[in-house]
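J.: Below are the structure tokens for one structure; questions will follow.
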Amino acid sequence: MRQDRADRASQAALSALRLSALGLALAAAACQAGPAGPGSLSTPGKSAALRTMEHIAAAVQACWFASRDPAFKPYRMADELNSFSGRPRILLVPARNPEARPLLVVQAEGDPAKVDAFGPLMDDKLGNRAAADLRRWTAGSKACA
């Protein structure tokens with residue numbers, strides 16, 4: 001009789017173990033529902049947002065700074081194109097205090113790239129010109145004002 005109870009207990013434990021193993025196997029299969037491959041690696045090449053911001057940064061540098069435009073003399077450009085957030089951006093900061101809070105932030109994200117510009121400079125008299133230049137460069141133009 002004792003042996004019979006021991007056998008039933010062993011059978012119950014074995015059944016529970018099999019059910020647990022089956023549950024784990026099903027859970028693992030559900031996690032691997034996608035195709036086999038490298039996982040969530042980024043695709044090679046540049047994103048649309050990065051390409052757009054590189055174009056804008058080159059135009060900002062050429063048209064606002066390299067041309068020695070007096071309207072932008074009080075500012076300095078800092079680019080953050082290698083952003084891990086997926087939003088490459090450029091900043092305009094005070095030329096004499098580059099560690100200060102940015103006065104203009106221009107960033108892009110998505111595909112096709114959506115460009116946003118914000119900061120105190122956009123509310124300044126220079127904001128209308130900056131917005132017009134950024135619209136033109138976002139559309140692909142390289143022309144200065």
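Ligands are numbered from 1 in the order shown, chains are lettered A, B, ... in the order of the structure tokens, and residues start at 1 in each chain.
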Please return as a list of chain:residue names: the residues of segment 48-110 of chain A that backbone DSSP assigns to helix (DSSP H, G or I).
T.: A:Ala48, A:Ala49, A:Leu50, A:Arg51, A:Thr52, A:Met53, A:Glu54, A:His55, A:Ile56, A:Ala57, A:Ala58, A:Ala59, A:Val60, A:Gln61, A:Ala62, A:Cys63, A:Trp64, A:Phe65, A:Ala66, A:Pro70, A:Ala71, A:Phe72
J.: Quick one: residues within 6 Å of segment 114-128 of chain A, only C-alpha atoms counted, chain neighbours fewer than 6 positions away excluded, as a PyMOL selection string?
T.: chain A and resi 103-108
J.: Could you take the residues named above and write them with N, CA, C and O atoms, as an mmCIF file, in the first residue's frame?
T.:
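Below is the file out.cif, written as the result:
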```
data_model
loop_
_atom_site.group_PDB
_atom_site.id
_atom_site.type_symbol
_atom_site.label_atom_id
_atom_site.label_comp_id
_atom_site.auth_asym_id
_atom_site.auth_seq_id
_atom_site.Cartn_x
_atom_site.Cartn_y
_atom_site.Cartn_z
ATOM 1 N N LEU A 103 19.213 78.346 -27.799
ATOM 2 C CA LEU A 103 18.231 79.357 -28.174
ATOM 3 C C LEU A 103 17.382 78.889 -29.352
ATOM 4 O O LEU A 103 16.300 79.415 -29.589
ATOM 5 N N LEU A 104 17.902 77.910 -30.091
ATOM 6 C CA LEU A 104 17.160 77.311 -31.197
ATOM 7 C C LEU A 104 17.537 75.836 -31.269
ATOM 8 O O LEU A 104 18.711 75.490 -31.202
ATOM 9 N N VAL A 105 16.517 74.995 -31.364
ATOM 10 C CA VAL A 105 16.710 73.558 -31.557
ATOM 11 C C VAL A 105 15.995 73.193 -32.854
ATOM 12 O O VAL A 105 14.818 73.521 -33.031
ATOM 13 N N VAL A 106 16.705 72.543 -33.753
ATOM 14 C CA VAL A 106 16.119 72.042 -34.995
ATOM 15 C C VAL A 106 16.373 70.540 -34.981
ATOM 16 O O VAL A 106 17.524 70.108 -34.901
ATOM 17 N N GLN A 107 15.298 69.763 -35.036
ATOM 18 C CA GLN A 107 15.452 68.312 -34.989
ATOM 19 C C GLN A 107 14.520 67.648 -35.990
ATOM 20 O O GLN A 107 13.526 68.230 -36.404
ATOM 21 N N ALA A 108 14.891 66.443 -36.384
ATOM 22 C CA ALA A 108 14.084 65.678 -37.333
ATOM 23 C C ALA A 108 13.895 64.276 -36.805
ATOM 24 O O ALA A 108 14.735 63.748 -36.069
#
```
J.: Which neighbours of Thr138 of chain A fall inside 9 Å, counting only C-alpha atoms, when residues of the same chain fewer than 4 positions from it are skipped, and could you give them as a PyMOL selection string?
T.: chain A and resi 52-53+55-56+113-115+133-134
J.: Report the distance between atom CA of Ala71 of chain A and atom CA of Cys144 of chain A in Å, rounded to one decimal place.
T.: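 So the two atoms, atom CA of Ala71 of chain A and atom CA of Cys144 of chain A, lie 13.5 Å apart.
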J.: With a cut-off of 8 Å, could you pull out the residues of segment 74-123 of chain A touching segment 46-51 of chain A and give me the nearest pair of atoms for each, distance in Å to one decimal, using only C-alpha atoms, ordered by chain and ascending number, as JSON lines?
T.:
```
{"residue": "A:Leu81", "atom": "CA", "partner": "A:Leu50", "partner_atom": "CA", "distance": 6.7}
{"residue": "A:Gly86", "atom": "CA", "partner": "A:Ala49", "partner_atom": "CA", "distance": 7.8}
{"residue": "A:Arg87", "atom": "CA", "partner": "A:Ala49", "partner_atom": "CA", "distance": 7.0}
{"residue": "A:Pro88", "atom": "CA", "partner": "A:Leu50", "partner_atom": "CA", "distance": 5.9}
{"residue": "A:Ala108", "atom": "CA", "partner": "A:Ala49", "partner_atom": "CA", "distance": 5.1}
{"residue": "A:Glu109", "atom": "CA", "partner": "A:Ala49", "partner_atom": "CA", "distance": 4.9}
{"residue": "A:Gly110", "atom": "CA", "partner": "A:Ala49", "partner_atom": "CA", "distance": 6.0}
{"residue": "A:Asp111", "atom": "CA", "partner": "A:Ala48", "partner_atom": "CA", "distance": 5.4}
{"residue": "A:Pro112", "atom": "CA", "partner": "A:Ala48", "partner_atom": "CA", "distance": 6.0}
{"residue": "A:Ala113", "atom": "CA", "partner": "A:Ala49", "partner_atom": "CA", "distance": 4.7}
{"residue": "A:Lys114", "atom": "CA", "partner": "A:Ala49", "partner_atom": "CA", "distance": 7.3}
```
J.: Please indicate the distance in Å from atom CA of Ala78 of chain A to atom CA of Ser141 of chain A, rounded to one decimal place.
T.: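 Atom CA of Ala78 of chain A sits 21.4 Å away from atom CA of Ser141 of chain A.
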